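**Student:** Dropping in model_2.cif, with mmCIF, C-alpha atoms.
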data_upload
#
loop_
_atom_site.label_atom_id
_atom_site.label_comp_id
_atom_site.auth_asym_id
_atom_site.auth_seq_id
_atom_site.Cartn_x
_atom_site.Cartn_y
_atom_site.Cartn_z
CA MET P 1010 0.00 0.00 0.00
CA GLY P 1011 3.08 2.22 0.03
CA GLY P 1012 4.11 4.24 -2.98
CA ALA P 1013 6.26 1.56 -4.59
CA GLY P 1014 3.60 -1.14 -4.43
CA PHE P 1015 5.88 -4.11 -3.76
CA PRO P 1016 3.55 -7.14 -3.43
CA THR P 1017 2.76 -7.98 0.20
CA HIS P 1018 2.54 -11.74 -0.39
CA VAL P 1019 6.14 -11.75 -1.67
CA LYS P 1020 7.31 -9.80 1.39
CA LEU P 1021 5.54 -12.29 3.63
CA ARG P 1022 7.46 -15.23 2.15
CA PRO P 1023 11.09 -14.22 2.77
CA THR P 1024 13.74 -16.71 1.63
CA VAL P 1025 15.90 -15.99 4.69
CA ALA P 1026 15.07 -15.81 8.39
CA VAL P 1027 13.75 -12.46 9.64
CA ASP P 1028 13.43 -11.20 13.20
CA THR P 1029 11.74 -7.80 12.93
CA LEU P 1030 8.58 -6.38 11.39
CA ILE P 1031 8.53 -2.62 10.93
CA LEU P 1032 5.26 -0.86 10.29
CA ASN P 1033 5.89 2.19 8.16
CA GLY P 1034 3.87 5.08 9.55
CA ALA P 1035 6.31 7.71 8.33
CA GLU P 1036 4.33 9.49 5.68
CA CYS P 1037 6.46 9.02 2.59
CA GLU P 1038 6.17 12.55 1.22
CA PRO P 1039 5.24 16.12 2.05
CA TYR P 1040 1.61 17.12 1.31
CA LEU P 1041 0.33 13.55 1.83
CA THR P 1042 -1.45 12.79 5.11
CA CYS P 1043 -3.34 9.60 4.22
CA ASP P 1044 -1.30 7.33 6.53
CA ASP P 1045 -1.58 9.82 9.38
CA ALA P 1046 -5.36 9.95 8.93
CA LEU P 1047 -5.56 6.15 8.89
CA MET P 1048 -3.43 5.82 12.04
CA GLN P 1049 -5.65 8.24 13.91
CA GLU P 1050 -8.90 6.58 12.80
CA LYS P 1051 -8.03 2.89 12.75
CA CYS P 1052 -5.39 2.35 15.45
CA ALA P 1053 -6.88 -0.90 16.84
CA GLU P 1054 -7.29 -2.45 13.37
CA ILE P 1055 -3.70 -1.59 12.43
CA VAL P 1056 -2.41 -3.24 15.62
CA ARG P 1057 -4.44 -6.42 14.94
CA GLY P 1058 -3.28 -6.41 11.31
CA ALA P 1059 0.33 -6.07 12.47
CA LYS P 1060 -0.11 -9.13 14.69
CA TYR P 1061 -1.48 -11.20 11.78
CA LEU P 1062 1.52 -10.09 9.68
CA ALA P 1063 3.92 -10.99 12.50
CA LYS P 1064 2.27 -14.41 12.85
CA ALA P 1065 2.62 -15.06 9.13
CA LEU P 1066 6.31 -14.09 9.31
CA ASN P 1067 6.88 -15.87 12.63
CA VAL P 1068 8.53 -12.84 14.23
CA SER P 1069 7.91 -11.46 17.71
CA ARG P 1070 9.43 -7.97 17.41
CA ILE P 1071 7.01 -5.46 15.89
CA LEU P 1072 8.08 -1.83 15.57
CA ILE P 1073 5.88 0.98 14.39
CA ALA P 1074 7.80 3.96 13.03
CA ILE P 1075 5.97 7.28 13.16
CA GLU P 1076 7.36 10.72 12.43
CA GLN P 1077 7.29 13.24 15.27
CA ASN P 1078 5.12 15.65 13.32
CA LYS P 1079 2.17 13.32 13.97
CA PRO P 1080 1.68 13.70 17.75
CA ALA P 1081 -1.92 12.43 17.66
CA ALA P 1082 -0.94 9.15 15.98
CA LEU P 1083 2.13 8.78 18.24
CA ALA P 1084 0.02 9.20 21.38
CA LEU P 1085 -2.51 6.62 20.18
CA PHE P 1086 0.09 3.96 19.37
CA GLU P 1087 2.03 4.53 22.59
CA LYS P 1088 -1.04 3.15 24.41
CA THR P 1089 -0.86 -0.12 22.39
CA ASP P 1090 1.59 -2.97 22.97
CA LEU P 1091 3.59 -2.27 19.79
CA ASP P 1092 7.07 -0.72 20.11
CA VAL P 1093 6.74 2.85 18.88
CA VAL P 1094 9.80 4.41 17.23
CA PRO P 1095 9.40 8.19 17.02
CA LEU P 1096 11.31 9.45 13.99
CA LYS P 1097 12.74 12.83 13.12
CA LYS P 1098 10.69 14.71 10.57
CA LYS P 1099 12.97 14.32 7.61
CA TYR P 1100 12.54 13.41 3.95
CA PRO P 1101 12.80 10.60 2.70
CA MET P 1102 12.05 8.88 6.04
CA GLY P 1103 9.35 6.70 4.52
CA SER P 1104 11.84 5.14 2.13
CA GLU P 1105 12.45 1.53 3.11
CA LYS P 1106 16.26 1.55 3.39
CA GLN P 1107 16.35 4.83 5.31
CA LEU P 1108 13.57 3.66 7.61
CA ILE P 1109 15.33 0.39 8.44
CA TYR P 1110 18.57 2.23 9.17
CA CYS P 1111 16.81 4.71 11.48
CA CYS P 1112 14.88 2.02 13.36
CA THR P 1113 17.47 -0.74 13.69
CA GLY P 1114 20.82 0.69 12.56
CA ARG P 1115 21.03 -2.02 9.87
CA LYS P 1116 22.03 -1.11 6.33
CA VAL P 1117 20.45 -2.93 3.39
CA PRO P 1118 23.17 -3.70 0.80
CA LEU P 1119 22.70 -2.52 -2.77
CA GLY P 1120 20.58 -4.96 -4.77
CA LYS P 1121 19.39 -6.84 -1.68
CA LEU P 1122 15.99 -6.90 -0.04
CA PRO P 1123 15.30 -5.83 3.57
CA ALA P 1124 14.83 -9.51 4.47
CA HIS P 1125 18.59 -9.98 4.03
CA VAL P 1126 19.14 -7.89 7.15
CA GLY P 1127 16.30 -9.66 8.92
CA VAL P 1128 13.67 -6.97 8.50
CA ILE P 1129 10.32 -6.79 6.75
CA VAL P 1130 8.70 -3.38 6.28
CA GLN P 1131 4.98 -3.03 5.74
CA ASN P 1132 2.95 0.12 5.42
CA VAL P 1133 0.35 0.88 8.11
CA ALA P 1134 -2.29 0.85 5.37
CA THR P 1135 -1.17 -2.70 4.48
CA ALA P 1136 -1.65 -3.75 8.11
CA TYR P 1137 -5.15 -2.28 8.05
CA ALA P 1138 -5.97 -4.06 4.78
CA VAL P 1139 -4.64 -7.34 6.19
CA CYS P 1140 -6.83 -6.92 9.27
CA GLU P 1141 -9.90 -6.41 7.08
CA ALA P 1142 -8.98 -9.34 4.86
CA VAL P 1143 -8.43 -11.74 7.77
CA GLU P 1144 -11.42 -10.70 9.87
CA GLN P 1145 -14.00 -9.88 7.21
CA GLY P 1146 -12.63 -11.59 4.12
CA LYS P 1147 -12.62 -8.22 2.39
CA PRO P 1148 -10.29 -7.86 -0.60
CA LEU P 1149 -8.32 -4.68 -1.23
CA ILE P 1150 -10.99 -2.62 -2.94
CA GLU P 1151 -10.62 0.75 -1.25
CA ARG P 1152 -7.95 3.01 0.22
CA ILE P 1153 -7.47 6.44 1.78
CA VAL P 1154 -6.40 9.12 -0.69
CA THR P 1155 -5.19 12.62 0.15
CA VAL P 1156 -6.61 15.29 -2.15
CA THR P 1157 -4.74 18.52 -1.56
CA GLY P 1158 -2.71 21.38 -3.02
CA GLY P 1159 -3.11 25.13 -3.21
CA ALA P 1160 -5.64 24.94 -6.03
CA ILE P 1161 -8.22 22.80 -4.25
CA ALA P 1162 -10.99 24.44 -2.20
CA GLN P 1163 -11.22 21.96 0.70
CA PRO P 1164 -8.25 19.55 1.02
CA LYS P 1165 -9.41 16.19 2.39
CA ASN P 1166 -8.46 12.61 3.07
CA LEU P 1167 -11.05 10.42 1.39
CA LEU P 1168 -11.73 6.71 1.78
CA CYS P 1169 -12.67 5.72 -1.74
CA PRO P 1170 -12.93 2.59 -3.90
CA VAL P 1171 -10.01 1.74 -6.18
CA GLY P 1172 -10.95 3.04 -9.61
CA THR P 1173 -12.59 6.28 -8.46
CA PRO P 1174 -11.92 8.97 -11.11
CA LEU P 1175 -10.00 12.06 -10.05
CA SER P 1176 -12.82 14.33 -11.27
CA VAL P 1177 -15.18 12.80 -8.69
CA LEU P 1178 -12.63 13.35 -5.91
CA ALA P 1179 -12.08 16.96 -7.01
CA ASP P 1180 -15.82 17.64 -6.85
CA ALA P 1181 -15.98 16.08 -3.37
CA CYS P 1182 -13.31 18.55 -2.25
CA GLY P 1183 -15.07 21.64 -3.51
CA GLY P 1184 -13.54 21.68 -6.97
CA GLU P 1185 -10.24 23.01 -8.31
CA LYS P 1186 -9.32 26.59 -9.14
CA ASP P 1187 -6.40 27.54 -11.42
CA ALA P 1188 -4.41 24.35 -10.98
CA ALA P 1189 -1.20 24.61 -13.00
CA LYS P 1190 -0.18 21.03 -12.43
CA LEU P 1191 -1.97 17.81 -11.49
CA VAL P 1192 0.06 15.13 -9.75
CA ALA P 1193 -0.78 11.53 -8.91
CA GLY P 1194 1.16 10.65 -5.75
CA GLY P 1195 3.34 12.99 -3.73
CA PRO P 1196 5.12 16.16 -4.84
CA MET P 1197 8.58 14.54 -4.70
CA THR P 1198 8.07 11.31 -6.65
CA GLY P 1199 4.55 11.59 -8.12
CA THR P 1200 3.60 11.59 -11.79
CA ALA P 1201 2.26 14.68 -13.56
CA LEU P 1202 -1.16 14.14 -15.12
CA THR P 1203 -2.69 15.64 -18.25
CA GLY P 1204 -6.18 15.93 -16.78
CA THR P 1205 -8.71 14.59 -14.29
CA GLU P 1206 -9.32 11.30 -16.16
CA ALA P 1207 -6.85 9.51 -13.85
CA VAL P 1208 -8.22 7.00 -11.31
CA VAL P 1209 -7.31 5.86 -7.83
CA THR P 1210 -5.09 2.76 -7.85
CA LYS P 1211 -3.99 0.56 -4.95
CA THR P 1212 -0.78 2.57 -4.56
CA THR P 1213 -2.19 6.10 -4.99
CA GLY P 1214 -1.43 7.98 -1.78
CA GLY P 1215 -2.86 11.21 -3.05
CA PHE P 1216 -3.68 13.64 -5.80
CA LEU P 1217 -2.25 17.15 -5.81
CA PHE P 1218 -3.67 20.24 -7.47
CA LEU P 1219 -0.66 22.55 -7.48
CA THR P 1220 -0.86 26.25 -8.25
CA LYS P 1221 1.70 27.88 -10.49
CA LYS P 1222 3.38 29.38 -7.43
CA GLU P 1223 3.74 26.03 -5.69
CA THR P 1224 5.23 24.09 -8.57
CA ASN P 1225 8.49 24.74 -10.37
CA THR P 1226 8.27 26.64 -13.66
CA ASP P 1227 11.82 28.06 -13.73
CA GLU P 1228 14.17 27.17 -16.56
CA PRO P 1229 17.43 25.47 -15.48
CA THR P 1230 20.50 27.72 -15.18
CA PRO P 1231 24.17 26.59 -15.19
CA CYS P 1232 25.39 24.48 -12.25
CA ILE P 1233 27.27 26.60 -9.69
CA ASN P 1234 29.02 23.57 -8.11
CA CYS P 1235 27.53 24.24 -4.71
CA GLY P 1236 27.27 20.54 -3.87
CA ARG P 1237 23.86 20.75 -2.23
CA CYS P 1238 22.55 17.82 -4.26
CA ALA P 1239 25.34 15.58 -2.93
CA ASP P 1240 24.75 16.89 0.61
CA VAL P 1241 21.10 15.91 0.67
CA CYS P 1242 21.32 12.60 -1.23
CA PRO P 1243 20.17 9.88 1.20
CA MET P 1244 22.19 7.29 -0.76
CA HIS P 1245 25.35 9.46 -0.75
CA LEU P 1246 25.52 9.79 -4.53
CA MET P 1247 26.80 12.70 -6.60
CA PRO P 1248 23.84 13.81 -8.74
CA MET P 1249 25.76 16.67 -10.38
CA GLN P 1250 28.21 14.19 -11.90
CA THR P 1251 25.40 11.92 -13.06
CA GLU P 1252 23.64 14.79 -14.77
CA PHE P 1253 26.85 15.97 -16.45
CA TYR P 1254 27.61 12.54 -17.94
CA THR P 1255 23.98 11.81 -18.79
CA ASN P 1256 23.77 15.02 -20.82
CA ALA P 1257 26.85 13.78 -22.69
CA LYS P 1258 25.08 10.39 -23.13
CA GLU P 1259 27.97 8.65 -21.30
CA TYR P 1260 25.77 6.49 -19.10
CA GLU P 1261 28.53 4.14 -17.86
CA ASN P 1262 30.52 7.14 -16.66
CA ALA P 1263 27.39 8.56 -15.10
CA ASP P 1264 27.13 5.45 -12.95
CA LYS P 1265 30.87 5.29 -12.28
CA PHE P 1266 31.31 8.91 -11.16
CA GLY P 1267 27.87 9.90 -9.97
CA GLY P 1268 26.10 6.71 -8.98
CA VAL P 1269 22.94 5.73 -10.80
CA LEU P 1270 21.77 2.25 -9.89
CA ALA P 1271 21.69 2.95 -6.14
CA CYS P 1272 19.39 5.95 -6.63
CA ILE P 1273 16.07 5.58 -4.81
CA GLU P 1274 14.55 8.39 -6.93
CA CYS P 1275 13.46 10.45 -3.96
CA GLY P 1276 13.93 13.73 -5.85
CA ALA P 1277 15.77 15.50 -3.01
CA CYS P 1278 18.62 16.58 -5.36
CA SER P 1279 16.29 18.37 -7.79
CA TYR P 1280 14.39 19.88 -4.85
CA VAL P 1281 17.41 21.66 -3.38
CA CYS P 1282 19.17 22.58 -6.64
CA PRO P 1283 19.43 26.39 -6.64
CA ALA P 1284 20.05 26.33 -10.40
CA ARG P 1285 16.82 24.33 -10.86
CA ARG P 1286 18.59 21.62 -12.80
CA PRO P 1287 16.56 18.44 -13.47
CA LEU P 1288 18.97 16.14 -11.60
CA ALA P 1289 16.55 13.38 -10.62
CA GLN P 1290 15.26 13.29 -14.19
CA ALA P 1291 18.84 12.82 -15.50
CA ILE P 1292 19.46 9.95 -13.07
CA LYS P 1293 16.22 8.25 -14.12
CA THR P 1294 17.21 8.65 -17.77
CA ALA P 1295 20.64 7.13 -17.12
CA LYS P 1296 19.07 4.28 -15.15
CA ALA P 1297 16.66 3.46 -17.98
CA GLU P 1298 19.46 3.57 -20.57
CA LEU P 1299 21.74 1.33 -18.49
CA ARG P 1300 18.92 -1.19 -17.89
CA ARG P 1301 18.07 -1.18 -21.60
CA LYS P 1302 21.68 -2.02 -22.51
CA SER P 1303 22.19 -4.76 -19.93
CA MET L 426 -3.30 22.47 -20.52
CA LYS L 427 -1.53 21.36 -17.37
CA ILE L 428 2.25 21.51 -16.98
CA LEU L 429 3.90 18.12 -17.50
CA SER L 430 7.37 17.43 -16.16
CA ALA L 431 9.31 14.84 -14.19
CA ALA L 432 9.23 14.68 -10.37
CA PRO L 433 9.87 16.44 -8.03
CA HIS L 434 7.13 18.96 -8.53
CA ILE L 435 8.09 21.32 -5.74
CA ARG L 436 11.41 23.14 -5.26
CA SER L 437 13.16 24.78 -2.34
CA ARG L 438 13.06 28.56 -2.22
CA ARG L 439 16.84 28.83 -2.49
CA THR L 440 17.92 29.85 -5.99
CA THR L 441 21.26 30.80 -7.51
CA LYS L 442 20.04 34.39 -7.55
CA ASN L 443 19.42 34.67 -3.83
CA ILE L 444 22.60 32.75 -2.96
CA MET L 445 24.60 35.25 -5.02
CA LEU L 446 22.75 38.12 -3.35
CA ASP L 447 23.98 36.75 -0.01
CA VAL L 448 27.51 36.67 -1.43
CA LEU L 449 27.24 40.34 -2.36
CA ILE L 450 25.92 41.25 1.09
CA ALA L 451 28.81 39.35 2.69
CA LEU L 452 31.32 41.22 0.50
CA LEU L 453 29.90 44.62 1.38
CA PRO L 454 31.72 45.12 4.74
CA ALA L 455 35.05 44.13 3.16
CA THR L 456 34.44 46.54 0.28
CA ILE L 457 33.65 49.42 2.60
CA ALA L 458 36.62 48.63 4.85
CA GLY L 459 38.88 48.44 1.78
CA ILE L 460 37.85 51.90 0.59
CA VAL L 461 38.11 53.36 4.11
CA TYR L 462 41.62 51.97 4.70
CA PHE L 463 43.17 52.24 1.23
CA GLY L 464 41.33 55.23 -0.20
CA TRP L 465 40.15 55.98 -3.71
CA GLN L 466 42.62 53.57 -5.36
CA ALA L 467 40.72 50.62 -3.85
CA ALA L 468 37.48 52.00 -5.30
CA VAL L 469 39.12 52.30 -8.73
CA ILE L 470 40.28 48.66 -8.59
CA ILE L 471 36.77 47.53 -7.63
CA VAL L 472 35.20 49.48 -10.49
CA ILE L 473 37.75 48.21 -13.03
CA SER L 474 37.36 44.59 -11.97
CA LEU L 475 33.56 44.81 -12.02
CA ALA L 476 33.61 46.42 -15.47
CA SER L 477 36.01 43.83 -16.92
CA ALA L 478 34.01 40.97 -15.40
CA CYS L 479 30.79 42.32 -16.91
CA PHE L 480 32.51 42.87 -20.27
CA ASP L 481 33.79 39.28 -20.25
CA ARG L 482 30.31 37.88 -19.50
CA ILE L 483 28.69 39.99 -22.24
CA CYS L 484 31.31 38.76 -24.73
CA MET L 485 30.71 35.12 -23.68
CA VAL L 486 26.94 35.44 -24.06
CA HIS L 487 27.31 36.97 -27.53
CA HIS L 488 29.91 34.38 -28.50
CA ARG L 489 27.57 31.52 -27.56
CA ALA L 490 24.60 33.07 -29.35
#
Before we go any further, please render this structure as structure tokens.

**Tutor:**
Amino acid sequence: MGGAGFPTHVKLRPTVAVDTLILNGAECEPYLTCDDALMQEKCAEIVRGAKYLAKALNVSRILIAIEQNKPAALALFEKTDLDVVPLKKKYPMGSEKQLIYCCTGRKVPLGKLPAHVGVIVQNVATAYAVCEAVEQGKPLIERIVTVTGGAIAQPKNLLCPVGTPLSVLADACGGEKDAAKLVAGGPMTGTALTGTEAVVTKTTGGFLFLTKKETNTDEPTPCINCGRCADVCPMHLMPMQTEFYTNAKEYENADKFGGVLACIECGACSYVCPARRPLAQAIKTAKAELRRKS
Amino acid sequence: MKILSAAPHIRSRRTTKNIMLDVLIALLPATIAGIVYFGWQAAVIIVISLASACFDRICMVHHRA
């Protein structure tokens, strides 16, 4: 139920022994609040779902990781018998590798799954869905979606069936006004949409109606070598190098000097770039080219 | 028509322009102190270097275009 949509049944059948289940309650991106809303509304169901997941995995240690900017959810879960891990409010905390490192101090090697360090991460929404499936036999047919952005009249979290068109959600939130950009997902990793024909899928955390002021419309200017992109990269890559070599179509060098395959595509490099260079886009291009060749 | 581009869709407020403005503000005390201590010759050097730097940039822009 997280943004990446890795199948839960695969996660629940790890090939190696695991000892810890982490529930991911760190909202993956700014703007989105669907997990926070779910944690506040359905605390008991999430806890029961977590126990079913732990039983399926045969682990006894269940952690629930929640960012500190969600005091209501933190207070609720502290009353339950799960181990609550309060996290610093920092992007990309919801990313699996970063979350595991913050909760357990274990680092997931490149190209390996979390199970190799004995950890399985599941989203809180997954735990809730599992609870419903086990207790009521209900398949995954609905989810909570955040509809927000500066161009929407009343931002809301809506529980809606998978397949609901965006136009219906927009009407339920008082309609849009002067949206310059529509995004499916969060502002850091989401996909831009052409119109409101898009529908809710199982992995849609939200829809954003961004005004022109909120979104980036600046043209890129030359790199000033400030190094901010490398500073913020959670995987310790050098996005400026990757972009340089990608523009020259030297994708092997882009990986060698900048790092491409380890990129988690969080978008932090593009976000901080004062020259507004499309760094994350360049890394994605290089990644696609390298995969196509291999 | 909506804007279409790759993620991320939001950017930090820090731009090259406002970083460079900070640089200029940071240089201001040194500039003033230079003129106070070394007199009009320091001011002349500053003006000449600014003019040559601007001239160089203008030439580069025209050369590229």

**Student:** Kindly indicate which residue among P:Ala1065, P:Asn1262, P:Ile1073, P:Ser1303 lies nearest to Cys1111 in chain P, using all atoms listed in the file for the distances.

**Tutor:**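 Answer, going by the shortest atom-to-atom distance: P:Ile1073.
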
**Student:** Would you kindly translate the PyMOL selection byres ((chain P) within 8 of (chain L)) into the concrete residues it picks from this file, as a list of chain:residue names?

**Tutor:** P:Ala1188, P:Ala1189, P:Lys1190, P:Leu1191, P:Pro1196, P:Met1197, P:Thr1198, P:Gly1199, P:Thr1200, P:Ala1201, P:Leu1202, P:Thr1203, P:Gly1204, P:Glu1223, P:Thr1224, P:Asn1225, P:Ile1233, P:Gly1276, P:Ala1277, P:Ser1279, P:Tyr1280, P:Val1281, P:Cys1282, P:Pro1283, P:Ala1284, P:Arg1285, P:Ala1289, P:Gln1290

**Student:** Just the number, please: distance in Å from CA of Asp1240 in chain P to CA of Val1117 in chain P, one decimal.

**Tutor:**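 Interatomic distance, CA of Asp1240 in chain P to CA of Val1117 in chain P: 20.5 Å.
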
**Student:** With the file shown as input, list the residues that the PyMOL selection byres ((chain P and resi 1102-1108) around 9) selects, as JSON, numbers by chain.

**Tutor:** {"P": [1011, 1031, 1033, 1034, 1035, 1036, 1037, 1038, 1074, 1076, 1096, 1097, 1098, 1099, 1100, 1101, 1109, 1110, 1111, 1112, 1113, 1115, 1116, 1117, 1123, 1130, 1243, 1244, 1273, 1275]}

**Student:** So what does the PyMOL selection byres ((chain P and resi 1181) around 10) actually pick up in this one, as a PDB file with C-alpha atoms, in the coordinates of the input?

**Tutor:**
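So the final result, stored in expr_35.pdb, reads:
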ATOM      1  CA  VAL P1156      -6.610  15.290  -2.150  1.00  0.00           C
ATOM      2  CA  ALA P1162     -10.990  24.440  -2.200  1.00  0.00           C
ATOM      3  CA  GLN P1163     -11.220  21.960   0.700  1.00  0.00           C
ATOM      4  CA  PRO P1164      -8.250  19.550   1.020  1.00  0.00           C
ATOM      5  CA  LYS P1165      -9.410  16.190   2.390  1.00  0.00           C
ATOM      6  CA  LEU P1167     -11.050  10.420   1.390  1.00  0.00           C
ATOM      7  CA  LEU P1175     -10.000  12.060 -10.050  1.00  0.00           C
ATOM      8  CA  SER P1176     -12.820  14.330 -11.270  1.00  0.00           C
ATOM      9  CA  VAL P1177     -15.180  12.800  -8.690  1.00  0.00           C
ATOM     10  CA  LEU P1178     -12.630  13.350  -5.910  1.00  0.00           C
ATOM     11  CA  ALA P1179     -12.080  16.960  -7.010  1.00  0.00           C
ATOM     12  CA  ASP P1180     -15.820  17.640  -6.850  1.00  0.00           C
ATOM     13  CA  CYS P1182     -13.310  18.550  -2.250  1.00  0.00           C
ATOM     14  CA  GLY P1183     -15.070  21.640  -3.510  1.00  0.00           C
ATOM     15  CA  GLY P1184     -13.540  21.680  -6.970  1.00  0.00           C
TER      16      GLY P1184
END

**Student:** Which residue out of P:Lys1293, P:Lys1020, P:Arg1057, P:Arg1237 has the minimum interatomic distance to Ala1271 in chain P when all atoms listed in the file are used?

**Tutor:** P:Lys1293

**Student:** Which neighbours of Ala1124 in chain P fall inside 10 Å, counting all atoms listed in the file, when residues of the same chain fewer than 5 positions from it are skipped, and could you give them as a list in words?

**Tutor:** Lys1020, Leu1021, Arg1022, Pro1023, Thr1024, Val1025, Ala1026, Val1027, Asp1028, Thr1029, Leu1030, Val1117, Ile1129 and Val1130 of chain P

**Student:** Can you sort out the box for range 461-478 of chain L, edges along x, y and z, all listed atoms in, 8 Å on every side, with centre and edge lengths in Å to one decimal, as AutoDock Vina command-line options?

**Tutor:**
--center_x 38.4 --center_y 48.5 --center_z -6.1 --size_x 25.6 --size_y 31.0 --size_z 37.6

**Student:** Quick one: distance from CA of Met1249 in chain P to CA of Leu446 in chain L in Å, one decimal?

**Tutor:**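 Calculated distance between CA of Met1249 in chain P and CA of Leu446 in chain L is 22.8 Å.
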
**Student:** Looking at only C-alpha atoms, which of P:Thr1155, P:Cys1169, P:Pro1229, P:Gly1114 is the one that sits closest to Gly1127 in chain P?

**Tutor:** P:Gly1114

**Student:** Using only C-alpha atoms, can you tell me which of L:Met485, L:Ile471, L:Ala490, L:Ala476 comes closest to Ile457 in chain L?

**Tutor:** L:Ile471

**Student:** Looking at all atoms listed in the file, which of P:Ala1046, P:Tyr1061, P:Tyr1260, P:Phe1015 is the one that sits closest to Glu1141 in chain P?

**Tutor:**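 Using all atoms listed in the file, the shortest distance to Glu1141 in chain P belongs to P:Tyr1061.
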
**Student:** Which residue out of P:Glu1185, P:Pro1231, P:Lys1265, P:Leu1288 has the minimum interatomic distance to Pro1248 in chain P when all atoms listed in the file are used?

**Tutor:**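 Of all the options, P:Leu1288 lies closest to Pro1248 in chain P.
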
**Student:** Distance CA of Leu475 in chain L-CA of Phe463 in chain L, one decimal place?

**Tutor:**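 Atom-to-atom, CA of Leu475 in chain L and CA of Phe463 in chain L are spaced 18.0 Å apart.
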
**Student:** Excluding Ala458 in chain L and its own-chain neighbours fewer than 6 positions away, which residues fall within 12 Å of it when counting only C-alpha atoms? Please give them as number ranges by chain.

**Tutor:** L: 452, 464-465, 467-468

**Student:** With the input short on atoms, add all heavy atoms back to range 435-440 of chain L and write it as an mmCIF file, in the coordinates of the input.

**Tutor:**
data_model
loop_
_atom_site.group_PDB
_atom_site.id
_atom_site.type_symbol
_atom_site.label_atom_id
_atom_site.label_comp_id
_atom_site.auth_asym_id
_atom_site.auth_seq_id
_atom_site.Cartn_x
_atom_site.Cartn_y
_atom_site.Cartn_z
ATOM 1 N N ILE L 435 7.891 20.128 -6.560
ATOM 2 C CA ILE L 435 8.090 21.320 -5.740
ATOM 3 C C ILE L 435 9.594 21.563 -5.600
ATOM 4 O O ILE L 435 10.381 20.627 -5.701
ATOM 5 C CB ILE L 435 7.447 21.191 -4.340
ATOM 6 C CG1 ILE L 435 7.866 19.877 -3.681
ATOM 7 C CG2 ILE L 435 5.937 21.300 -4.432
ATOM 8 C CD1 ILE L 435 7.448 19.744 -2.245
ATOM 9 N N ARG L 436 9.986 22.811 -5.382
ATOM 10 C CA ARG L 436 11.410 23.140 -5.260
ATOM 11 C C ARG L 436 11.622 24.004 -4.025
ATOM 12 O O ARG L 436 10.728 24.732 -3.610
ATOM 13 C CB ARG L 436 11.882 23.913 -6.500
ATOM 14 C CG ARG L 436 11.792 23.118 -7.799
ATOM 15 C CD ARG L 436 12.712 21.925 -7.770
ATOM 16 N NE ARG L 436 12.432 21.014 -8.852
ATOM 17 C CZ ARG L 436 13.122 20.977 -9.985
ATOM 18 N NH1 ARG L 436 14.100 21.795 -10.174
ATOM 19 N NH2 ARG L 436 12.819 20.102 -10.915
ATOM 20 N N SER L 437 12.835 23.932 -3.484
ATOM 21 C CA SER L 437 13.160 24.780 -2.340
ATOM 22 C C SER L 437 13.205 26.233 -2.806
ATOM 23 O O SER L 437 13.349 26.520 -3.987
ATOM 24 C CB SER L 437 14.502 24.361 -1.751
ATOM 25 O OG SER L 437 15.539 25.091 -2.332
ATOM 26 N N ARG L 438 13.085 27.153 -1.841
ATOM 27 C CA ARG L 438 13.060 28.560 -2.220
ATOM 28 C C ARG L 438 14.434 29.096 -2.584
ATOM 29 O O ARG L 438 14.563 30.160 -3.158
ATOM 30 C CB ARG L 438 12.481 29.385 -1.067
ATOM 31 C CG ARG L 438 10.969 29.396 -1.096
ATOM 32 C CD ARG L 438 10.434 30.438 -0.137
ATOM 33 N NE ARG L 438 9.234 29.930 0.509
ATOM 34 C CZ ARG L 438 9.219 29.416 1.718
ATOM 35 N NH1 ARG L 438 10.316 29.369 2.424
ATOM 36 N NH2 ARG L 438 8.105 28.960 2.223
ATOM 37 N N ARG L 439 15.473 28.378 -2.245
ATOM 38 C CA ARG L 439 16.840 28.830 -2.490
ATOM 39 C C ARG L 439 17.165 28.735 -3.974
ATOM 40 O O ARG L 439 17.099 27.662 -4.562
ATOM 41 C CB ARG L 439 17.782 27.927 -1.693
ATOM 42 C CG ARG L 439 19.006 28.617 -1.187
ATOM 43 C CD ARG L 439 18.736 29.420 0.064
ATOM 44 N NE ARG L 439 20.015 29.832 0.615
ATOM 45 C CZ ARG L 439 20.436 31.098 0.632
ATOM 46 N NH1 ARG L 439 19.681 32.044 0.179
ATOM 47 N NH2 ARG L 439 21.615 31.385 1.135
ATOM 48 N N THR L 440 17.524 29.865 -4.585
ATOM 49 C CA THR L 440 17.920 29.850 -5.990
ATOM 50 C C THR L 440 19.310 30.446 -6.110
ATOM 51 O O THR L 440 19.814 31.055 -5.176
ATOM 52 C CB THR L 440 16.964 30.712 -6.844
ATOM 53 O OG1 THR L 440 17.028 32.053 -6.366
ATOM 54 C CG2 THR L 440 15.531 30.229 -6.770
#
